[in-house]
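Q: So I've got this file, run.txt, and it contains compact mmCIF, C-alpha atoms:
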# COMPACT_ATOMS: atom_id res chain seq x y z
CA MET A 25 -22.32 -41.08 30.02
CA ALA A 26 -24.31 -41.26 26.78
CA VAL A 27 -26.40 -38.22 25.99
CA ASN A 28 -30.13 -38.77 25.51
CA GLN A 29 -30.19 -38.57 21.72
CA ALA A 30 -33.95 -38.10 21.50
CA LEU A 31 -33.78 -35.02 23.67
CA LEU A 32 -30.78 -33.77 21.74
CA ARG A 33 -32.61 -34.18 18.41
CA GLU A 34 -35.60 -32.35 19.88
CA ALA A 35 -33.35 -29.45 20.89
CA GLN A 36 -31.64 -29.34 17.51
CA ALA A 37 -34.96 -29.39 15.68
CA THR A 38 -35.91 -26.07 17.25
CA GLY A 39 -33.23 -24.31 15.20
CA PRO A 40 -30.44 -21.99 16.26
CA THR A 41 -31.98 -20.87 19.56
CA ARG A 42 -29.20 -20.46 22.08
CA VAL A 43 -29.22 -21.85 25.59
CA PRO A 44 -28.85 -18.70 27.73
CA VAL A 45 -26.42 -18.76 30.62
CA ALA A 46 -29.10 -17.32 32.90
CA ARG A 47 -32.86 -16.90 32.77
CA PRO A 48 -33.96 -14.92 35.84
CA ARG A 49 -37.53 -15.28 37.02
CA LEU A 50 -39.28 -13.07 39.54
CA PRO A 51 -42.74 -13.65 41.06
CA SER A 52 -45.55 -13.36 38.55
CA ALA A 53 -47.91 -10.40 38.37
CA GLU A 54 -50.64 -12.69 39.67
CA ALA A 55 -48.60 -13.58 42.76
CA VAL A 56 -47.69 -9.96 43.49
CA PHE A 57 -51.17 -8.52 42.86
CA PRO A 58 -52.68 -9.23 46.33
CA TYR A 59 -49.82 -7.31 47.91
CA LEU A 60 -50.30 -4.42 45.48
CA GLN A 61 -53.92 -4.28 46.59
CA LYS A 62 -52.71 -3.95 50.18
CA ILE A 63 -50.57 -0.99 49.14
CA ASP A 64 -53.58 0.67 47.51
CA ASP A 65 -55.74 0.01 50.57
CA ALA A 66 -53.17 1.42 52.98
CA GLY A 67 -52.07 4.34 50.80
CA TRP A 68 -48.54 3.82 52.13
CA TYR A 69 -45.90 3.56 49.40
CA SER A 70 -42.49 3.95 51.05
CA ASN A 71 -40.81 4.96 54.33
CA PHE A 72 -41.07 1.64 56.19
CA GLY A 73 -44.67 0.79 55.52
CA PRO A 74 -46.52 -2.35 56.65
CA LEU A 75 -45.34 -4.51 53.72
CA LEU A 76 -41.67 -3.70 54.23
CA THR A 77 -42.05 -4.28 57.95
CA GLU A 78 -43.59 -7.69 57.25
CA PHE A 79 -40.92 -8.51 54.66
CA GLU A 80 -38.08 -7.75 57.07
CA ALA A 81 -39.77 -9.73 59.84
CA ARG A 82 -40.15 -12.77 57.60
CA LEU A 83 -36.52 -12.52 56.50
CA ALA A 84 -35.40 -12.25 60.14
CA GLY A 85 -37.51 -15.32 60.93
CA ARG A 86 -35.13 -17.40 58.82
CA PHE A 87 -32.40 -16.78 61.40
CA PRO A 88 -32.03 -17.52 65.12
CA ALA A 89 -33.97 -15.37 67.57
CA GLY A 90 -32.44 -11.97 68.12
CA THR A 91 -31.44 -11.44 64.50
CA GLU A 92 -32.27 -8.08 62.98
CA VAL A 93 -32.71 -7.46 59.27
CA VAL A 94 -32.20 -4.11 57.53
CA THR A 95 -33.26 -3.95 53.89
CA VAL A 96 -31.34 -1.71 51.47
CA THR A 97 -31.75 -0.70 47.82
CA ASN A 98 -29.07 -3.21 46.76
CA ALA A 99 -26.43 -5.43 48.32
CA THR A 100 -23.55 -3.17 47.26
CA GLN A 101 -25.08 -0.31 49.22
CA ALA A 102 -25.73 -2.68 52.11
CA LEU A 103 -22.04 -3.63 52.21
CA THR A 104 -20.94 -0.01 51.91
CA LEU A 105 -23.26 1.31 54.61
CA THR A 106 -22.46 -1.55 56.97
CA LEU A 107 -18.73 -0.88 56.63
CA MET A 108 -19.42 2.80 57.32
CA ALA A 109 -21.55 1.91 60.35
CA MET A 110 -18.72 -0.21 61.75
CA ASP A 111 -16.74 3.03 62.33
CA LEU A 112 -13.54 1.65 60.85
CA PRO A 113 -10.45 3.87 60.58
CA VAL A 114 -10.56 5.71 57.26
CA GLY A 115 -8.02 4.41 54.77
CA GLY A 116 -7.46 1.12 56.55
CA TYR A 117 -7.12 -2.17 54.71
CA VAL A 118 -10.08 -4.50 54.35
CA VAL A 119 -8.81 -7.95 53.47
CA MET A 120 -11.02 -9.52 50.83
CA PRO A 121 -10.68 -12.30 48.26
CA ALA A 122 -9.49 -11.41 44.81
CA TRP A 123 -11.86 -14.17 43.62
CA THR A 124 -15.14 -12.25 43.91
CA PHE A 125 -17.47 -9.95 42.02
CA VAL A 126 -16.36 -6.33 41.72
CA ALA A 127 -19.21 -5.11 43.96
CA THR A 128 -17.26 -6.30 46.99
CA ALA A 129 -14.33 -4.02 46.23
CA HIS A 130 -16.56 -1.11 45.17
CA ALA A 131 -18.22 -1.22 48.59
CA VAL A 132 -14.86 -1.10 50.35
CA VAL A 133 -13.69 1.90 48.35
CA GLN A 134 -17.00 3.76 48.72
CA ALA A 135 -16.76 3.29 52.49
CA GLY A 136 -13.43 5.16 52.49
CA LEU A 137 -11.32 2.03 52.95
CA ARG A 138 -8.73 0.17 50.87
CA PRO A 139 -9.05 -3.39 49.51
CA TRP A 140 -6.24 -5.81 50.25
CA PHE A 141 -6.66 -8.67 47.80
CA ALA A 142 -5.86 -12.07 49.27
CA ASP A 143 -5.83 -15.53 47.70
CA VAL A 144 -8.51 -18.16 48.21
CA ASP A 145 -8.54 -21.83 49.08
CA PRO A 146 -8.25 -23.79 45.80
CA ASP A 147 -10.97 -26.25 46.79
CA SER A 148 -13.66 -24.06 48.37
CA TRP A 149 -12.78 -20.97 46.28
CA MET A 150 -13.17 -18.90 49.45
CA LEU A 151 -10.99 -16.84 51.75
CA ARG A 152 -9.65 -18.62 54.82
CA PRO A 153 -8.57 -16.95 58.12
CA GLU A 154 -5.02 -18.20 57.52
CA ALA A 155 -4.80 -15.83 54.56
CA VAL A 156 -5.17 -12.95 57.00
CA THR A 157 -3.14 -14.22 59.94
CA GLY A 158 -0.33 -15.08 57.53
CA LEU A 159 0.10 -11.50 56.35
CA THR A 160 3.28 -9.69 57.29
CA ALA A 161 3.19 -7.68 60.52
CA ASP A 162 3.33 -4.32 58.75
CA VAL A 163 0.24 -5.19 56.68
CA ARG A 164 -1.67 -6.70 59.62
CA GLU A 165 -1.20 -3.45 61.53
CA GLN A 166 -3.20 -1.65 58.83
CA VAL A 167 -6.01 -4.24 58.57
CA VAL A 168 -9.24 -2.85 60.01
CA ALA A 169 -11.69 -5.52 58.82
CA VAL A 170 -12.07 -8.70 56.78
CA LEU A 171 -14.72 -9.28 54.10
CA PRO A 172 -14.96 -12.99 53.21
CA VAL A 173 -17.25 -13.91 50.32
CA SER A 174 -19.63 -16.84 50.01
CA ALA A 175 -18.53 -18.09 46.59
CA PHE A 176 -21.54 -18.28 44.26
CA GLY A 177 -23.78 -19.02 47.24
CA ALA A 178 -21.77 -21.83 48.82
CA PRO A 179 -21.82 -21.88 52.64
CA ALA A 180 -18.85 -20.03 54.11
CA ASP A 181 -17.05 -21.40 57.18
CA LEU A 182 -18.70 -18.99 59.60
CA ALA A 183 -17.42 -20.83 62.67
CA ALA A 184 -13.82 -20.29 61.54
CA TRP A 185 -14.46 -16.61 60.95
CA ARG A 186 -16.16 -16.18 64.32
CA ALA A 187 -13.13 -17.75 65.96
CA PHE A 188 -10.86 -15.43 63.98
CA ARG A 189 -12.83 -12.37 65.08
CA ASP A 190 -12.85 -13.47 68.70
CA GLU A 191 -9.12 -14.24 68.74
CA THR A 192 -7.89 -11.18 66.83
CA GLY A 193 -10.51 -8.54 67.55
CA VAL A 194 -10.64 -7.74 63.81
CA PRO A 195 -14.24 -7.13 62.65
CA VAL A 196 -15.64 -9.50 60.01
CA LEU A 197 -18.44 -8.71 57.57
CA VAL A 198 -19.62 -11.54 55.30
CA ASP A 199 -20.49 -10.87 51.66
CA ALA A 200 -23.20 -13.51 51.32
CA ALA A 201 -24.71 -11.92 48.21
CA ALA A 202 -25.68 -15.22 46.55
CA ALA A 203 -26.19 -17.19 49.77
CA PHE A 204 -29.87 -16.61 50.51
CA ASP A 205 -30.39 -20.37 50.83
CA THR A 206 -27.32 -21.20 52.89
CA LEU A 207 -26.96 -18.28 55.29
CA ASP A 208 -28.62 -19.24 58.57
CA ASP A 209 -26.41 -17.53 61.17
CA ALA A 210 -26.08 -13.81 61.80
CA ALA A 211 -23.53 -13.94 64.64
CA LEU A 212 -21.30 -12.27 62.06
CA PRO A 213 -23.01 -9.47 60.14
CA ALA A 214 -23.78 -10.64 56.62
CA VAL A 215 -25.22 -9.06 53.50
CA VAL A 216 -27.48 -10.91 51.04
CA SER A 217 -28.46 -9.74 47.57
CA LEU A 218 -32.04 -9.67 46.31
CA HIS A 219 -31.08 -8.84 42.73
CA ALA A 220 -33.19 -10.29 39.94
CA THR A 221 -30.50 -12.87 39.18
CA LYS A 222 -30.60 -14.39 42.68
CA VAL A 223 -32.75 -17.29 43.90
CA LEU A 224 -34.96 -14.80 45.76
CA GLY A 225 -35.03 -11.72 43.57
CA ILE A 226 -37.05 -8.52 43.79
CA GLY A 227 -35.35 -6.70 40.91
CA GLU A 228 -32.90 -4.64 42.96
CA GLY A 229 -32.41 -4.98 46.69
CA GLY A 230 -30.43 -6.52 49.50
CA PHE A 231 -30.39 -6.87 53.26
CA LEU A 232 -28.10 -6.96 56.26
CA ALA A 233 -28.66 -9.71 58.83
CA THR A 234 -27.01 -9.21 62.21
CA ARG A 235 -27.42 -9.95 65.91
CA ASP A 236 -25.77 -6.61 66.69
CA ALA A 237 -28.75 -4.33 67.38
CA ALA A 238 -26.56 -1.22 67.56
CA LEU A 239 -25.04 -1.98 64.15
CA ALA A 240 -28.48 -2.58 62.64
CA LEU A 241 -29.69 0.76 64.01
CA LYS A 242 -26.70 2.61 62.53
CA VAL A 243 -27.19 1.01 59.12
CA ARG A 244 -30.91 1.84 59.22
CA GLN A 245 -30.03 5.46 60.00
CA LEU A 246 -27.61 5.58 57.08
CA THR A 247 -30.35 4.38 54.71
CA THR A 248 -32.72 7.19 55.65
CA PHE A 249 -30.98 10.56 55.50
CA GLY A 250 -29.44 10.15 58.95
CA PHE A 251 -32.85 10.39 60.62
CA GLN A 252 -33.41 8.69 63.97
CA ASP A 253 -36.61 9.41 65.87
CA SER A 254 -36.79 12.89 64.36
CA ARG A 255 -36.76 14.79 61.08
CA GLU A 256 -33.27 16.11 61.78
CA SER A 257 -30.24 14.48 60.14
CA GLN A 258 -28.00 13.23 62.92
CA VAL A 259 -25.23 11.94 60.64
CA ALA A 260 -24.25 12.33 56.98
CA ALA A 261 -26.13 9.56 55.18
CA THR A 262 -28.06 8.68 52.04
CA ASN A 263 -31.47 7.43 50.92
CA ALA A 264 -31.29 3.68 50.39
CA LYS A 265 -34.70 2.47 51.54
CA LEU A 266 -36.80 -0.17 49.85
CA SER A 267 -40.30 0.83 48.79
CA GLU A 268 -43.52 -0.98 49.53
CA TYR A 269 -43.55 -2.14 45.91
CA ALA A 270 -40.20 -3.88 46.30
CA ALA A 271 -41.47 -5.45 49.52
CA ALA A 272 -44.55 -6.72 47.66
CA VAL A 273 -42.35 -8.62 45.21
CA GLY A 274 -40.25 -9.92 48.10
CA LEU A 275 -43.26 -11.20 50.03
CA ALA A 276 -44.55 -12.99 46.94
CA GLY A 277 -41.08 -14.50 46.49
CA LEU A 278 -41.03 -15.75 50.08
CA ASP A 279 -44.48 -17.29 49.62
CA ALA A 280 -43.12 -19.32 46.69
CA TRP A 281 -39.68 -20.03 48.13
CA PRO A 282 -40.22 -23.63 49.39
CA ALA A 283 -41.47 -24.73 45.96
CA ASP A 284 -38.89 -22.64 44.11
CA ARG A 285 -36.07 -24.08 46.17
CA PHE A 286 -37.17 -27.58 45.22
CA ARG A 287 -37.23 -26.62 41.54
CA PHE A 288 -33.73 -25.12 41.70
CA LEU A 289 -32.42 -28.29 43.35
CA ARG A 290 -34.21 -30.54 40.86
CA ALA A 291 -32.76 -28.65 37.88
CA ALA A 292 -29.31 -28.84 39.44
CA GLN A 293 -29.57 -32.58 40.02
CA HIS A 294 -30.59 -33.19 36.41
CA LEU A 295 -27.57 -31.22 35.21
CA ARG A 296 -25.23 -33.06 37.57
CA ILE A 297 -26.57 -36.42 36.43
CA SER A 298 -26.13 -35.48 32.77
CA LEU A 299 -22.43 -34.78 33.43
CA ILE A 300 -21.72 -37.74 35.69
CA GLY A 301 -19.50 -39.28 33.01
CA GLN A 302 -17.28 -36.18 32.92
CA PRO A 303 -15.03 -36.43 36.01
CA GLU A 304 -13.00 -33.44 34.86
CA VAL A 305 -16.07 -31.24 35.49
CA ARG A 306 -16.02 -30.31 39.18
CA PHE A 307 -19.11 -28.92 40.84
CA GLN A 308 -18.94 -26.94 44.05
CA ASP A 309 -19.36 -29.19 47.08
CA GLY A 310 -23.03 -29.65 47.86
CA TRP A 311 -24.25 -27.64 44.88
CA GLY A 312 -27.73 -28.80 43.94
CA SER A 313 -27.97 -31.32 46.76
CA ASP A 314 -27.32 -29.44 50.01
CA TRP A 315 -27.92 -25.90 48.83
CA ALA A 316 -29.54 -23.93 46.04
CA THR A 317 -28.24 -20.99 44.08
CA SER A 318 -29.10 -19.38 40.77
CA VAL A 319 -25.91 -20.16 38.84
CA CYS A 320 -23.94 -23.26 37.90
CA THR A 321 -20.22 -22.59 38.19
CA VAL A 322 -17.88 -25.51 37.59
CA GLY A 323 -14.16 -26.15 37.66
CA LEU A 324 -12.47 -27.53 34.54
CA PRO A 325 -8.89 -28.61 33.82
CA GLU A 326 -6.41 -25.79 34.32
CA GLY A 327 -6.49 -23.31 31.45
CA ALA A 328 -9.58 -24.87 29.85
CA ALA A 329 -12.12 -22.13 30.60
CA GLY A 330 -11.40 -20.03 27.49
CA PRO A 331 -11.26 -22.82 24.91
CA VAL A 332 -14.31 -24.57 26.36
CA ALA A 333 -16.31 -21.33 26.38
CA GLU A 334 -15.48 -20.76 22.72
CA ALA A 335 -16.43 -24.33 21.80
CA LEU A 336 -19.74 -24.09 23.66
CA HIS A 337 -20.51 -20.76 22.04
CA ARG A 338 -20.11 -22.31 18.60
CA GLN A 339 -22.69 -24.93 19.59
CA GLY A 340 -25.21 -22.36 20.76
CA VAL A 341 -24.54 -22.79 24.48
CA ASP A 342 -23.79 -19.55 26.30
CA THR A 343 -21.35 -19.35 29.20
CA ARG A 344 -20.12 -16.67 31.55
CA GLN A 345 -17.01 -16.04 33.59
CA TRP A 346 -19.03 -14.46 36.37
CA TRP A 347 -15.98 -13.04 38.15
CA GLY A 348 -13.83 -12.52 35.07
CA LEU A 349 -10.13 -12.98 35.78
CA GLY A 350 -10.58 -11.93 39.37
CA CYS A 351 -11.64 -8.66 40.95
CA HIS A 352 -8.03 -7.45 41.13
CA MET A 353 -7.79 -7.50 37.33
CA SER A 354 -10.53 -4.90 36.78
CA PRO A 355 -9.04 -1.52 35.81
CA ALA A 356 -10.74 0.13 38.78
CA PHE A 357 -8.70 -2.01 41.20
CA THR A 358 -5.42 -2.83 39.48
CA GLY A 359 -3.61 -0.39 41.75
CA CYS A 360 -4.84 -2.00 44.97
CA ALA A 361 -2.53 -3.89 47.29
CA ARG A 362 -2.46 -7.66 47.05
CA GLY A 363 -0.67 -10.78 48.08
CA ASP A 364 0.30 -13.89 46.13
CA LEU A 365 -2.78 -14.77 44.06
CA ARG A 366 -1.65 -18.01 42.43
CA TYR A 367 -4.88 -19.91 43.16
CA THR A 368 -7.08 -17.04 42.06
CA ASP A 369 -5.16 -16.89 38.78
CA ARG A 370 -5.65 -20.63 38.28
CA LEU A 371 -9.37 -20.38 38.96
CA ALA A 372 -9.65 -17.54 36.45
CA GLY A 373 -8.45 -19.93 33.76
CA SER A 374 -10.42 -22.98 34.81
CA VAL A 375 -13.80 -21.88 36.21
CA ILE A 376 -16.77 -21.32 33.95
CA GLY A 377 -20.46 -20.59 34.40
CA LEU A 378 -22.73 -23.03 32.57
CA PRO A 379 -26.36 -22.27 31.63
CA PHE A 380 -28.65 -22.71 34.61
CA SER A 381 -32.10 -21.57 35.66
CA ILE A 382 -35.06 -22.68 37.74
CA ASP A 383 -36.85 -23.80 34.56
CA LEU A 384 -33.92 -25.47 32.80
CA ASP A 385 -35.59 -28.25 30.83
CA ALA A 386 -34.46 -31.71 29.74
CA ALA A 387 -33.68 -30.71 26.16
CA GLU A 388 -31.48 -27.81 27.30
CA THR A 389 -29.73 -30.05 29.80
CA ALA A 390 -28.96 -32.53 27.02
CA ARG A 391 -27.56 -29.77 24.81
CA ILE A 392 -25.31 -28.50 27.59
CA ALA A 393 -24.00 -31.97 28.43
CA ASN A 394 -23.36 -32.88 24.81
CA ALA A 395 -21.65 -29.59 23.99
CA LEU A 396 -19.45 -29.77 27.08
CA GLN A 397 -18.55 -33.39 26.36
CA GLN A 398 -17.43 -32.47 22.85
CA ALA A 399 -15.57 -29.38 24.04
CA LEU A 400 -13.58 -31.31 26.62
CA ALA A 401 -12.81 -34.10 24.16
CA SER A 402 -11.27 -31.57 21.77
CA LEU A 403 -8.80 -30.16 24.31
Is it possible to express this structure as structure tokens?

A:
Amino acid sequence: MAVNQALLREAQATGPTRVPVARPRLPSAEAVFPYLQKIDDAGWYSNFGPLLTEFEARLAGRFPAGTEVVTVTNATQALTLTLMAMDLPVGGYVVMPAWTFVATAHAVVQAGLRPWFADVDPDSWMLRPEAVTGLTADVREQVVAVLPVSAFGAPADLAAWRAFRDETGVPVLVDAAAAFDTLDDAALPAVVSLHATKVLGIGEGGFLATRDAALALKVRQLTTFGFQDSRESQVAATNAKLSEYAAAVGLAGLDAWPADRFRFLRAAQHLRISLIGQPEVRFQDGWGSDWATSVCTVGLPEGAAGPVAEALHRQGVDTRQWWGLGCHMSPAFTGCARGDLRYTDRLAGSVIGLPFSIDLDAAETARIANALQQALASL
């Protein structure tokens, strides 16, 4: 597909300004201000005040009736505390994809458990139940939970994981950090990130969504010094509450979400259209049409990620390998147990994050498409 040369010339005329791989945007001061006034009026700043209560209720309203939401200081802590609340045998294996961000593995380790890195499906980039049921008997005996990850916000196959849990009795916790838009079922406990880089960001934050009221209560207790209906610590815990100020940003973000979602999808569609003549660029299924997320991660020909990233960098277009070479390759986790990771290794060499943001404009889109077209042609 021919690049719009007028837009390209306009971009080039601005000089050497780079196209950043991400440009996070939180609610404006103007949007947050009415909620800050409510904080001043109430004189309630933390410890489950009226704004946080409203924020959690509105988040829970996005799920079927009976869902409970527990907010936490960040999604990593939410994963850690939920694993702890599940009362899993200390030192047991938690099967998780090697193709994920390191926070997933950090949560497992901090909960006193051991990651078992499994391979992912080469098409969806996500863990499948067969990767767990296919483990050898001696490994399966040590598996105490499974932690599938919603890859870059794509919808995970929750029905398959519910069936796995029901058939095997092995608990499943979903790392849905980037899946604010797609997660609509809390039959399996799931954790969503509210980091500034996500489609609904509050700076730092996250939440657990679950239909298990007992689990929600345990996680809540672990976020607040082990208190439960008294000022006495009932269990060893931490302080991981969100403040009223964080809730104010979250409420402003929810107010704007319908319009923001449309803008994310519109930006994604423009980028997809600009690359329609590049069949070797593979978008995640449904990205930008069925679901919204804050990053654009594409598959390229095997082994092309490094050379393409270098070529784009020379043209002023930034990229990112969001998950590096795979979580298992980080020094903190190189000693962890793992299976055959052939597909993860292939993805590490072929997946790249392109610039994307809610306000990605036409000139930037043209620069990205042109640079990527030239980079692929030079392979």

Q: Please identify all polymer residues within 7 Å of region 134-150 of chain A, counting all atoms listed in the file, omitting same-chain residues fewer than 5 positions from it, and present them as a ChimeraX atom specification.

A: /A:104,107-108,114-123,129,155,173-175,352,360-365,367-368

Q: Do a neighbour search on Cys320 (chain A) at 12 Å with all atoms listed in the file, toss out local chain neighbours closer than 5 positions, and write the hits as a ChimeraX atom specification.

A: /A:45-46,175-178,202,288-289,291-293,295-296,305-312,315,343-346,375-382,384,392

Q: As a PDB file with C-alpha atoms, keeping the file's coordinate frame, please: the residues near Arg186 (chain A) (cut-off 8 Å, all atoms listed in the file, same-chain neighbours under 2 positions excluded).

A:
ATOM      1  CA  LEU A 182     -18.700 -18.990  59.600  1.00  0.00           C
ATOM      2  CA  ALA A 183     -17.420 -20.830  62.670  1.00  0.00           C
ATOM      3  CA  ALA A 184     -13.820 -20.290  61.540  1.00  0.00           C
ATOM      4  CA  PHE A 188     -10.860 -15.430  63.980  1.00  0.00           C
ATOM      5  CA  ARG A 189     -12.830 -12.370  65.080  1.00  0.00           C
ATOM      6  CA  ASP A 190     -12.850 -13.470  68.700  1.00  0.00           C
ATOM      7  CA  VAL A 196     -15.640  -9.500  60.010  1.00  0.00           C
ATOM      8  CA  ALA A 211     -23.530 -13.940  64.640  1.00  0.00           C
ATOM      9  CA  LEU A 212     -21.300 -12.270  62.060  1.00  0.00           C
TER      10      LEU A 212
END

Q: Excluding same-chain residues fewer than 4 positions from Glu78 (chain A), what lies within 12 Å of it counting only C-alpha atoms, as a PyMOL selection string?

A: chain A and resi 59+72-74+82-85+93-95+268+271-272+274-276+278

Q: Rounded to one decimal in Å, what is the spacing between CA of Asp342 (chain A) and CA of Ser313 (chain A)?

A: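 We find that CA of Asp342 (chain A) and CA of Ser313 (chain A) lie 24.0 Å from each other.
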
Q: Using all atoms listed in the file, find the one residue out of A:Arg338, A:Lys265, A:Lys62, A:Arg152 that sits nearest to Arg244 (chain A).

A: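 The shortest atom-to-atom distance to Arg244 (chain A) comes from A:Lys265.
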
Q: Which one is closest to Ala329 (chain A): A:Ser374, A:Thr192, A:Gln252, A:Thr91? Count only C-alpha atoms.

A: A:Ser374
